[in-house]
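Next up, work_28.cif (mmCIF, C-alpha atoms):
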data_input
loop_
_atom_site.group_PDB
_atom_site.id
_atom_site.type_symbol
_atom_site.label_atom_id
_atom_site.label_comp_id
_atom_site.auth_asym_id
_atom_site.auth_seq_id
_atom_site.Cartn_x
_atom_site.Cartn_y
_atom_site.Cartn_z
ATOM 1 C CA MET A 134 102.314 105.005 96.503
ATOM 2 C CA ASN A 135 101.475 102.462 93.803
ATOM 3 C CA SER A 136 100.409 99.712 96.215
ATOM 4 C CA MET A 137 96.720 98.919 96.380
ATOM 5 C CA TYR A 138 95.489 99.000 99.995
ATOM 6 C CA PRO A 139 98.877 99.331 101.722
ATOM 7 C CA MET A 140 99.003 97.906 105.250
ATOM 8 C CA ASP A 141 102.364 99.045 106.627
ATOM 9 C CA PHE A 142 103.159 102.755 106.795
ATOM 10 C CA ASN A 143 106.035 102.350 109.258
ATOM 11 C CA THR A 144 108.769 102.413 106.650
ATOM 12 C CA PRO A 145 111.714 104.825 106.454
ATOM 13 C CA GLU A 146 110.356 106.368 103.250
ATOM 14 C CA VAL A 147 106.876 107.096 104.605
ATOM 15 C CA GLU A 148 108.211 108.385 107.916
ATOM 16 C CA ALA A 149 110.607 110.696 106.072
ATOM 17 C CA ALA A 150 107.706 111.944 103.943
ATOM 18 C CA ALA A 151 105.639 112.628 107.067
ATOM 19 C CA GLU A 152 108.541 114.598 108.531
ATOM 20 C CA LYS A 153 108.730 116.707 105.354
ATOM 21 C CA ILE A 154 104.987 117.375 105.522
ATOM 22 C CA ALA A 155 105.327 118.537 109.113
ATOM 23 C CA LEU A 156 108.245 120.773 108.158
ATOM 24 C CA MET A 157 106.246 122.350 105.324
ATOM 25 C CA PHE A 158 103.368 123.116 107.669
ATOM 26 C CA ARG A 159 105.739 124.662 110.235
ATOM 27 C CA GLU A 160 107.902 126.794 107.984
ATOM 28 C CA TYR A 161 106.718 126.993 104.399
ATOM 29 C CA THR A 162 103.031 127.848 104.257
ATOM 30 C CA THR A 163 100.388 130.122 105.724
ATOM 31 C CA SER A 164 99.127 129.878 109.287
ATOM 32 C CA ASP A 165 95.670 128.735 108.126
ATOM 33 C CA ALA A 166 96.979 125.859 105.999
ATOM 34 C CA VAL A 167 96.270 123.208 108.647
ATOM 35 C CA GLY A 168 92.776 121.955 107.927
ATOM 36 C CA GLY A 169 92.391 124.545 105.196
ATOM 37 C CA LYS A 170 89.906 124.059 102.395
ATOM 38 C CA TYR A 171 90.827 124.382 98.735
ATOM 39 C CA ASP A 172 89.400 127.848 98.037
ATOM 40 C CA PRO A 173 91.319 129.769 100.750
ATOM 41 C CA MET A 174 94.555 128.016 99.788
ATOM 42 C CA ALA A 175 94.050 128.830 96.109
ATOM 43 C CA THR A 176 93.319 132.443 97.025
ATOM 44 C CA HIS A 177 96.661 132.671 98.821
ATOM 45 C CA PHE A 178 98.356 131.539 95.618
ATOM 46 C CA PHE A 179 96.404 133.918 93.397
ATOM 47 C CA ASN A 180 97.250 136.786 95.765
ATOM 48 C CA GLY A 181 100.959 135.980 95.635
ATOM 49 C CA GLU A 182 101.071 135.053 99.328
ATOM 50 C CA VAL A 183 102.599 131.633 98.631
ATOM 51 C CA ALA A 184 105.066 130.812 95.888
ATOM 52 C CA MET A 185 103.929 127.294 94.997
ATOM 53 C CA PHE A 186 100.597 125.496 94.853
ATOM 54 C CA PRO A 187 100.490 121.734 94.171
ATOM 55 C CA ASN A 188 97.668 121.061 91.758
ATOM 56 C CA GLY A 189 96.865 119.693 88.328
ATOM 57 C CA PRO A 190 96.355 121.175 84.865
ATOM 58 C CA TRP A 191 92.628 121.588 85.518
ATOM 59 C CA ILE A 192 93.463 124.735 87.496
ATOM 60 C CA ILE A 193 95.009 126.492 84.490
ATOM 61 C CA PRO A 194 91.747 128.090 83.227
ATOM 62 C CA ASP A 195 91.328 129.742 86.649
ATOM 63 C CA PHE A 196 94.515 131.757 86.078
ATOM 64 C CA SER A 197 92.713 133.799 83.430
ATOM 65 C CA GLU A 198 89.362 134.256 85.209
ATOM 66 C CA ALA A 199 88.945 137.779 86.581
ATOM 67 C CA GLU A 200 86.832 136.630 89.522
ATOM 68 C CA LYS A 201 89.556 134.230 90.699
ATOM 69 C CA ALA A 202 92.921 135.726 89.751
ATOM 70 C CA PRO A 203 94.280 139.241 89.258
ATOM 71 C CA GLU A 204 94.850 140.534 85.751
ATOM 72 C CA GLY A 205 98.004 139.183 84.168
ATOM 73 C CA PHE A 206 98.335 136.333 86.674
ATOM 74 C CA TYR A 207 98.449 133.658 83.951
ATOM 75 C CA ASP A 208 101.713 135.072 82.602
ATOM 76 C CA LYS A 209 103.376 134.858 86.034
ATOM 77 C CA VAL A 210 102.841 131.128 86.527
ATOM 78 C CA GLY A 211 105.281 128.333 85.737
ATOM 79 C CA ILE A 212 104.779 124.582 85.866
ATOM 80 C CA MET A 213 107.081 121.838 87.101
ATOM 81 C CA LEU A 214 107.030 118.131 87.828
ATOM 82 C CA MET A 215 107.031 116.887 91.411
ATOM 83 C CA PRO A 216 110.430 116.398 93.098
ATOM 84 C CA CYS A 217 112.678 113.746 91.491
ATOM 85 C CA ALA A 218 110.764 114.248 88.214
ATOM 86 C CA GLY A 219 107.650 112.554 89.548
ATOM 87 C CA MET A 220 104.055 112.910 88.412
ATOM 88 C CA GLU A 221 100.894 111.912 90.217
ATOM 89 C CA MET A 222 98.357 109.960 88.214
ATOM 90 C CA VAL A 223 94.859 111.099 89.158
ATOM 91 C CA PRO A 224 91.965 108.782 88.240
ATOM 92 C CA THR A 225 89.188 110.241 86.121
ATOM 93 C CA PRO A 226 85.661 109.023 85.373
ATOM 94 C CA GLY A 227 85.611 106.078 82.999
ATOM 95 C CA ASP A 228 83.155 104.555 80.557
ATOM 96 C CA MET A 229 81.053 101.415 80.923
ATOM 97 C CA VAL A 230 79.347 99.368 78.218
ATOM 98 C CA GLY A 231 76.005 98.006 79.356
ATOM 99 C CA ALA A 232 74.910 96.364 76.123
ATOM 100 C CA LYS A 233 74.546 92.585 75.810
ATOM 101 C CA GLU A 234 74.362 92.327 72.014
ATOM 102 C CA GLU A 235 77.747 91.579 70.469
ATOM 103 C CA GLU A 236 77.403 94.186 67.708
ATOM 104 C CA LYS A 237 76.491 96.923 70.193
ATOM 105 C CA ILE A 238 79.420 96.004 72.413
ATOM 106 C CA LYS A 239 81.774 96.174 69.423
ATOM 107 C CA ALA A 240 80.307 99.515 68.341
ATOM 108 C CA ALA A 241 80.785 100.951 71.833
ATOM 109 C CA VAL A 242 84.403 99.759 71.984
ATOM 110 C CA ASP A 243 85.060 101.168 68.525
ATOM 111 C CA PHE A 244 83.684 104.523 69.648
ATOM 112 C CA LEU A 245 85.944 104.548 72.723
ATOM 113 C CA LYS A 246 88.915 103.784 70.490
ATOM 114 C CA PHE A 247 87.876 106.689 68.252
ATOM 115 C CA GLU A 248 87.373 108.975 71.244
ATOM 116 C CA THR A 249 90.846 108.246 72.585
ATOM 117 C CA ARG A 250 92.802 108.678 69.364
ATOM 118 C CA PRO A 251 95.688 111.133 69.912
ATOM 119 C CA GLU A 252 94.131 113.780 67.666
ATOM 120 C CA ASN A 253 90.788 113.479 69.464
ATOM 121 C CA GLN A 254 92.443 113.762 72.870
ATOM 122 C CA ILE A 255 93.869 117.083 71.684
ATOM 123 C CA LYS A 256 90.453 118.076 70.347
ATOM 124 C CA ALA A 257 88.831 117.283 73.722
ATOM 125 C CA LEU A 258 91.512 119.366 75.430
ATOM 126 C CA GLU A 259 90.830 122.332 73.181
ATOM 127 C CA MET A 260 87.040 122.056 73.495
ATOM 128 C CA THR A 261 86.543 121.039 77.130
ATOM 129 C CA GLY A 262 89.924 121.300 78.857
ATOM 130 C CA LEU A 263 90.026 117.505 79.367
ATOM 131 C CA GLN A 264 93.630 116.504 80.007
ATOM 132 C CA PRO A 265 95.017 113.936 77.511
ATOM 133 C CA VAL A 266 96.077 110.580 78.924
ATOM 134 C CA SER A 267 98.664 109.673 76.282
ATOM 135 C CA ASN A 268 102.297 110.693 76.162
ATOM 136 C CA ASP A 269 104.246 112.015 73.197
ATOM 137 C CA LEU A 270 101.276 113.791 71.657
ATOM 138 C CA GLU A 271 101.958 116.280 68.901
ATOM 139 C CA ILE A 272 101.314 119.666 70.449
ATOM 140 C CA PRO A 273 99.465 121.965 68.031
ATOM 141 C CA ALA A 274 101.143 125.288 67.342
ATOM 142 C CA ASP A 275 97.921 127.164 68.031
ATOM 143 C CA LEU A 276 97.704 125.595 71.512
ATOM 144 C CA THR A 277 101.242 126.760 72.262
ATOM 145 C CA GLU A 278 100.146 130.272 71.327
ATOM 146 C CA SER A 279 96.705 130.306 72.949
ATOM 147 C CA ASP A 280 97.449 128.310 76.105
ATOM 148 C CA PRO A 281 101.215 127.978 76.609
ATOM 149 C CA LEU A 282 100.858 126.604 80.147
ATOM 150 C CA MET A 283 98.746 123.689 78.944
ATOM 151 C CA ALA A 284 101.174 123.088 76.110
ATOM 152 C CA GLU A 285 103.959 123.053 78.695
ATOM 153 C CA VAL A 286 102.082 120.432 80.705
ATOM 154 C CA LEU A 287 101.906 118.168 77.658
ATOM 155 C CA GLU A 288 105.616 118.660 77.095
ATOM 156 C CA ILE A 289 106.952 118.110 80.621
ATOM 157 C CA GLN A 290 104.784 115.063 81.328
ATOM 158 C CA ASN A 291 106.890 113.221 78.766
ATOM 159 C CA HIS A 292 109.931 113.775 80.992
ATOM 160 C CA ALA A 293 108.473 112.229 84.161
ATOM 161 C CA LYS A 294 110.803 109.522 85.477
ATOM 162 C CA MET A 295 108.212 108.054 87.809
ATOM 163 C CA THR A 296 104.466 108.109 88.230
ATOM 164 C CA TYR A 297 102.587 107.360 91.403
ATOM 165 C CA GLY A 298 98.995 106.926 92.414
ATOM 166 C CA GLN A 299 96.711 109.048 94.537
ATOM 167 C CA ASN A 300 96.035 107.867 98.075
ATOM 168 C CA GLN A 301 92.301 108.468 97.665
ATOM 169 C CA ALA A 302 92.282 105.782 94.971
ATOM 170 C CA TYR A 303 94.662 103.312 96.626
ATOM 171 C CA TRP A 304 94.114 103.446 100.404
ATOM 172 C CA TYR A 305 91.359 102.005 102.561
ATOM 173 C CA GLN A 306 88.768 104.673 103.300
ATOM 174 C CA ASN A 307 89.294 104.514 107.050
ATOM 175 C CA THR A 308 93.039 105.019 106.509
ATOM 176 C CA ILE A 309 92.298 108.120 104.454
ATOM 177 C CA ASP A 310 90.048 109.345 107.275
ATOM 178 C CA THR A 311 92.833 108.748 109.801
ATOM 179 C CA PHE A 312 95.254 110.669 107.611
ATOM 180 C CA SER A 313 92.879 113.644 107.609
ATOM 181 C CA THR A 314 92.181 113.599 111.340
ATOM 182 C CA GLU A 315 95.792 113.047 112.416
ATOM 183 C CA LEU A 316 97.419 115.465 109.973
ATOM 184 C CA PRO A 317 96.712 118.530 112.166
ATOM 185 C CA GLU A 318 98.241 116.679 115.119
ATOM 186 C CA LEU A 319 101.368 116.069 113.046
ATOM 187 C CA ALA A 320 101.452 119.654 111.805
ATOM 188 C CA TYR A 321 101.176 121.098 115.325
ATOM 189 C CA GLY A 322 103.842 118.768 116.684
ATOM 190 C CA ASN A 323 101.484 116.879 118.967
ATOM 191 C CA ILE A 324 102.633 113.570 117.458
ATOM 192 C CA THR A 325 105.842 112.545 115.722
ATOM 193 C CA ALA A 326 106.132 111.338 112.145
ATOM 194 C CA LYS A 327 106.664 107.819 113.473
ATOM 195 C CA GLU A 328 103.514 108.013 115.590
ATOM 196 C CA PHE A 329 101.593 109.405 112.615
ATOM 197 C CA CYS A 330 102.629 106.403 110.517
ATOM 198 C CA GLU A 331 101.731 104.022 113.351
ATOM 199 C CA LYS A 332 98.216 105.410 113.416
ATOM 200 C CA LEU A 333 97.886 104.890 109.656
ATOM 201 C CA THR A 334 99.105 101.296 110.026
ATOM 202 C CA GLU A 335 96.676 100.655 112.869
ATOM 203 C CA SER A 336 93.717 101.958 110.847
ATOM 204 C CA ALA A 337 94.683 99.846 107.818
ATOM 205 C CA ALA A 338 94.927 96.738 110.007
ATOM 206 C CA LYS A 339 91.274 97.091 111.024
ATOM 207 C CA ASN A 340 90.304 96.072 107.498
ATOM 208 C CA GLN A 341 91.812 92.618 108.107
ATOM 209 C CA GLU A 342 89.955 91.923 111.331
#
Can you give me the file's structure in the form of structure tokens?
Amino acid sequence: MNSMYPMDFNTPEVEAAAEKIALMFREYTTSDAVGGKYDPMATHFFNGEVAMFPNGPWIIPDFSEAEKAPEGFYDKVGIMLMPCAGMEMVPTPGDMVGAKEEEKIKAAVDFLKFETRPENQIKALEMTGLQPVSNDLEIPADLTESDPLMAEVLEIQNHAKMTYGQNQAYWYQNTIDTFSTELPELAYGNITAKEFCEKLTESAAKNQE
């Protein structure tokens, strides 16, 4: 998952993962999950129709919004790392310095250093909900009281034993498209996990032609 533009998906690990995905579609989710958009899937979670919903900390504010979740829903939610204490690293928008003058470049870099100080990452979290990128941050007591789920996120991320990238950032675009189009076929049992991985490998190979 941390390889940039992977070419070979026919490995035991990827095939086993595809088999688990197929199993989850068959036995552990709602009948409309195949091809489902985000909003209906989130609604199932908010309505208590599914027990788990893989997502990131940006969803936490929704737990307290009356138009999205029932009253008291926030207090019913727990947070955990991915299996084997893993955590997905999701890319976020970055900053670019377009100046040519040396002093302006230095000033821009100094500002970015200021912006990303640990205390300012916490401040951005409190003001905008922007997730901090650093580990081992000191969690303010008032955050633990006002938003215990977010405080829990900051705590458990320090215990991740592995981090892995997001396929939308690492894969060729046509391979991502193949994943999307072939996933229903895998879920419905029309192709095997091995065949699914073969199709991903074939689509990646087209980028070398």
- Task: With only C-alpha atoms counted, which protein, DNA or RNA residues have an atom no more than 12 Å from (100.0, 123.9, 95.4) in the file frame? Please answer as an MDAnalysis selection string.
- Result: chainID A and resid 157 161:162 166 171:179 182:190 192 210:215
Once you count all atoms listed in the file, what closest atom pair and distance in Å to one decimal does each residue of stretch 239-279 of chain A within 10 Å of stretch 227-233 of chain A have, with rows by chain and rising residue number, as CSV?
residue,atom,partner,partner_atom,distance
A:Lys239,CA,A:Ala232,CA,9.6
A:Ala240,CA,A:Val230,CA,9.9
A:Ala241,CA,A:Val230,CA,6.7
A:Val242,CA,A:Val230,CA,8.0
A:Leu245,CA,A:Asp228,CA,8.3
Kindly compute an axis-aligned box around the listed atoms of stretch 314-325 of chain A, allowing 6 Å on each side, and express its centre and edge lengths in Å to one decimal as JSON.
{"center_x": 99.0, "center_y": 116.8, "center_z": 114.5, "size_x": 25.7, "size_y": 20.6, "size_z": 21.0}
- All residues 12 Å or closer to A:Asp208, only C-alpha atoms, same chain fewer than 6 positions away omitted, as number ranges by chain: A: 193, 196-197, 202, 279-282
- Task: Find the distance between atom CA of A:Pro273 and atom CA of A:Lys209 and write it in Å to one decimal.
- Result: 22.5 Å
- Please work out which residues fall within 10 Å of (82.9, 124.3, 82.8), coordinates as given in the file, with all atoms listed in the file counting, and return them as a ChimeraX atom specification. /A:194,261-262
- Separation of atom CA of A:Lys170 from atom CA of A:Thr144, in Å and rounded to one decimal: 29.0 Å
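The two atoms in question, atom CA of A:Glu148 and atom CA of A:Ala326, are spaced 5.6 Å apart.
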- Query: Which of these residues is nearest to A:Val223, using only C-alpha atoms: A:Val266, A:Ile272, A:Met140, A:Val167?
  - Reply: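 The shortest atom-to-atom distance to A:Val223 comes from A:Val266.
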- Query: Out of A:Pro226, A:Gly219, A:Gly181, A:Pro145, which residue has the shortest atom-to-atom distance to A:Gly298 when counting only C-alpha atoms?
  - Reply: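 That would be A:Gly219, the residue with the smallest distance to A:Gly298.
Between A:Ala320 and the candidates A:Ala284, A:Leu270, A:Ala151, A:Met220, the tightest atom-to-atom separation, counting only C-alpha atoms, involves A:Ala151.
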- Message: Set the distance at 12 Å and use all atoms listed in the file: which residues neighbour A:Thr325 once local chain neighbours fewer than 3 positions away are removed? I'd like the list as a PyMOL selection string.
- Response: chain A and resi 148-156+315-322+328-332
Selected residues written out, C-alpha atoms, as a PDB file, in the frame of the given file:
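What follows is the written file again_17.pdb:
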ATOM      1  CA  GLU A 148     108.211 108.385 107.916  1.00  0.00           C
ATOM      2  CA  ALA A 149     110.607 110.696 106.072  1.00  0.00           C
ATOM      3  CA  ALA A 150     107.706 111.944 103.943  1.00  0.00           C
ATOM      4  CA  ALA A 151     105.639 112.628 107.067  1.00  0.00           C
ATOM      5  CA  GLU A 152     108.541 114.598 108.531  1.00  0.00           C
ATOM      6  CA  LYS A 153     108.730 116.707 105.354  1.00  0.00           C
ATOM      7  CA  ILE A 154     104.987 117.375 105.522  1.00  0.00           C
ATOM      8  CA  ALA A 155     105.327 118.537 109.113  1.00  0.00           C
ATOM      9  CA  LEU A 156     108.245 120.773 108.158  1.00  0.00           C
ATOM     10  CA  GLU A 315      95.792 113.047 112.416  1.00  0.00           C
ATOM     11  CA  LEU A 316      97.419 115.465 109.973  1.00  0.00           C
ATOM     12  CA  PRO A 317      96.712 118.530 112.166  1.00  0.00           C
ATOM     13  CA  GLU A 318      98.241 116.679 115.119  1.00  0.00           C
ATOM     14  CA  LEU A 319     101.368 116.069 113.046  1.00  0.00           C
ATOM     15  CA  ALA A 320     101.452 119.654 111.805  1.00  0.00           C
ATOM     16  CA  TYR A 321     101.176 121.098 115.325  1.00  0.00           C
ATOM     17  CA  GLY A 322     103.842 118.768 116.684  1.00  0.00           C
ATOM     18  CA  GLU A 328     103.514 108.013 115.590  1.00  0.00           C
ATOM     19  CA  PHE A 329     101.593 109.405 112.615  1.00  0.00           C
ATOM     20  CA  CYS A 330     102.629 106.403 110.517  1.00  0.00           C
ATOM     21  CA  GLU A 331     101.731 104.022 113.351  1.00  0.00           C
ATOM     22  CA  LYS A 332      98.216 105.410 113.416  1.00  0.00           C
TER      23      LYS A 332
END
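For the choices A:Lys246, A:Leu276, A:Thr314, A:Glu285, the atom-to-atom distance to A:Met260 is smallest for A:Leu276 when using all atoms listed in the file.
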- Query: Got a sec to resolve the PyMOL selection byres ((chain A and resi 249) around 12) on this structure and send the residues as a ChimeraX atom specification?
  - Reply: /A:227-228,242-248,250-258,263-267,270
Could you add whatever atoms are missing so that stretch 228-261 of chain A carries N, CA and C atoms, then write the result as a CSV table (one decimal), keeping the file's coordinate frame?
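This went into selection28.csv:
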chain,number,residue,atom,x,y,z
A,228,ASP,N,84.3,104.9,81.3
A,228,ASP,CA,83.2,104.6,80.6
A,228,ASP,C,82.8,103.1,80.8
A,229,MET,N,81.5,102.8,80.8
A,229,MET,CA,81.1,101.4,80.9
A,229,MET,C,80.1,101.1,79.8
A,230,VAL,N,80.2,99.9,79.3
A,230,VAL,CA,79.3,99.4,78.2
A,230,VAL,C,78.3,98.4,78.8
A,231,GLY,N,77.1,98.8,78.7
A,231,GLY,CA,76.0,98.0,79.4
A,231,GLY,C,75.3,97.1,78.4
A,232,ALA,N,75.6,97.2,77.1
A,232,ALA,CA,74.9,96.4,76.1
A,232,ALA,C,75.2,94.9,76.3
A,233,LYS,N,74.3,94.0,75.8
A,233,LYS,CA,74.5,92.6,75.8
A,233,LYS,C,74.7,92.0,74.4
A,234,GLU,N,74.2,92.8,73.4
A,234,GLU,CA,74.4,92.3,72.0
A,234,GLU,C,75.8,92.5,71.5
A,235,GLU,N,76.4,91.5,70.9
A,235,GLU,CA,77.7,91.6,70.5
A,235,GLU,C,78.0,92.8,69.6
A,236,GLU,N,77.1,93.1,68.6
A,236,GLU,CA,77.4,94.2,67.7
A,236,GLU,C,77.4,95.5,68.4
A,237,LYS,N,76.5,95.7,69.4
A,237,LYS,CA,76.5,96.9,70.2
A,237,LYS,C,77.7,97.1,71.1
A,238,ILE,N,78.2,96.0,71.6
A,238,ILE,CA,79.4,96.0,72.4
A,238,ILE,C,80.6,96.4,71.5
A,239,LYS,N,80.7,95.8,70.4
A,239,LYS,CA,81.8,96.2,69.4
A,239,LYS,C,81.7,97.6,69.0
A,240,ALA,N,80.5,98.1,68.7
A,240,ALA,CA,80.3,99.5,68.3
A,240,ALA,C,80.7,100.5,69.5
A,241,ALA,N,80.4,100.1,70.7
A,241,ALA,CA,80.8,101.0,71.8
A,241,ALA,C,82.3,101.0,72.0
A,242,VAL,N,82.9,99.8,71.9
A,242,VAL,CA,84.4,99.8,72.0
A,242,VAL,C,85.1,100.5,70.9
A,243,ASP,N,84.5,100.4,69.7
A,243,ASP,CA,85.1,101.2,68.5
A,243,ASP,C,85.0,102.7,68.8
A,244,PHE,N,83.8,103.1,69.4
A,244,PHE,CA,83.7,104.5,69.6
A,244,PHE,C,84.7,105.0,70.7
A,245,LEU,N,85.0,104.2,71.7
A,245,LEU,CA,85.9,104.5,72.7
A,245,LEU,C,87.3,104.6,72.1
A,246,LYS,N,87.6,103.7,71.2
A,246,LYS,CA,88.9,103.8,70.5
A,246,LYS,C,89.0,105.1,69.7
A,247,PHE,N,87.9,105.4,69.0
A,247,PHE,CA,87.9,106.7,68.3
A,247,PHE,C,88.1,107.9,69.2
A,248,GLU,N,87.4,107.9,70.3
A,248,GLU,CA,87.4,109.0,71.2
A,248,GLU,C,88.8,109.2,71.8
A,249,THR,N,89.5,108.1,71.9
A,249,THR,CA,90.8,108.2,72.6
A,249,THR,C,92.0,108.3,71.6
A,250,ARG,N,91.7,108.5,70.3
A,250,ARG,CA,92.8,108.7,69.4
A,250,ARG,C,93.6,109.9,69.8
A,251,PRO,N,94.9,110.0,69.5
A,251,PRO,CA,95.7,111.1,69.9
A,251,PRO,C,95.1,112.5,69.4
A,252,GLU,N,94.7,112.5,68.2
A,252,GLU,CA,94.1,113.8,67.7
A,252,GLU,C,92.8,114.2,68.4
A,253,ASN,N,92.0,113.2,68.8
A,253,ASN,CA,90.8,113.5,69.5
A,253,ASN,C,91.0,113.8,70.9
A,254,GLN,N,92.1,113.3,71.5
A,254,GLN,CA,92.4,113.8,72.9
A,254,GLN,C,92.8,115.2,72.8
A,255,ILE,N,93.5,115.7,71.8
A,255,ILE,CA,93.9,117.1,71.7
A,255,ILE,C,92.6,117.9,71.5
A,256,LYS,N,91.7,117.4,70.6
A,256,LYS,CA,90.5,118.1,70.3
A,256,LYS,C,89.6,118.2,71.6
A,257,ALA,N,89.6,117.2,72.5
A,257,ALA,CA,88.8,117.3,73.7
A,257,ALA,C,89.5,118.3,74.7
A,258,LEU,N,90.8,118.4,74.6
A,258,LEU,CA,91.5,119.4,75.4
A,258,LEU,C,91.1,120.8,75.0
A,259,GLU,N,91.1,121.0,73.7
A,259,GLU,CA,90.8,122.3,73.2
A,259,GLU,C,89.4,122.7,73.4
A,260,MET,N,88.5,121.7,73.4
A,260,MET,CA,87.0,122.1,73.5
A,260,MET,C,86.5,122.1,74.9
A,261,THR,N,87.1,121.2,75.8
A,261,THR,CA,86.5,121.0,77.1
A,261,THR,C,87.6,121.2,78.2
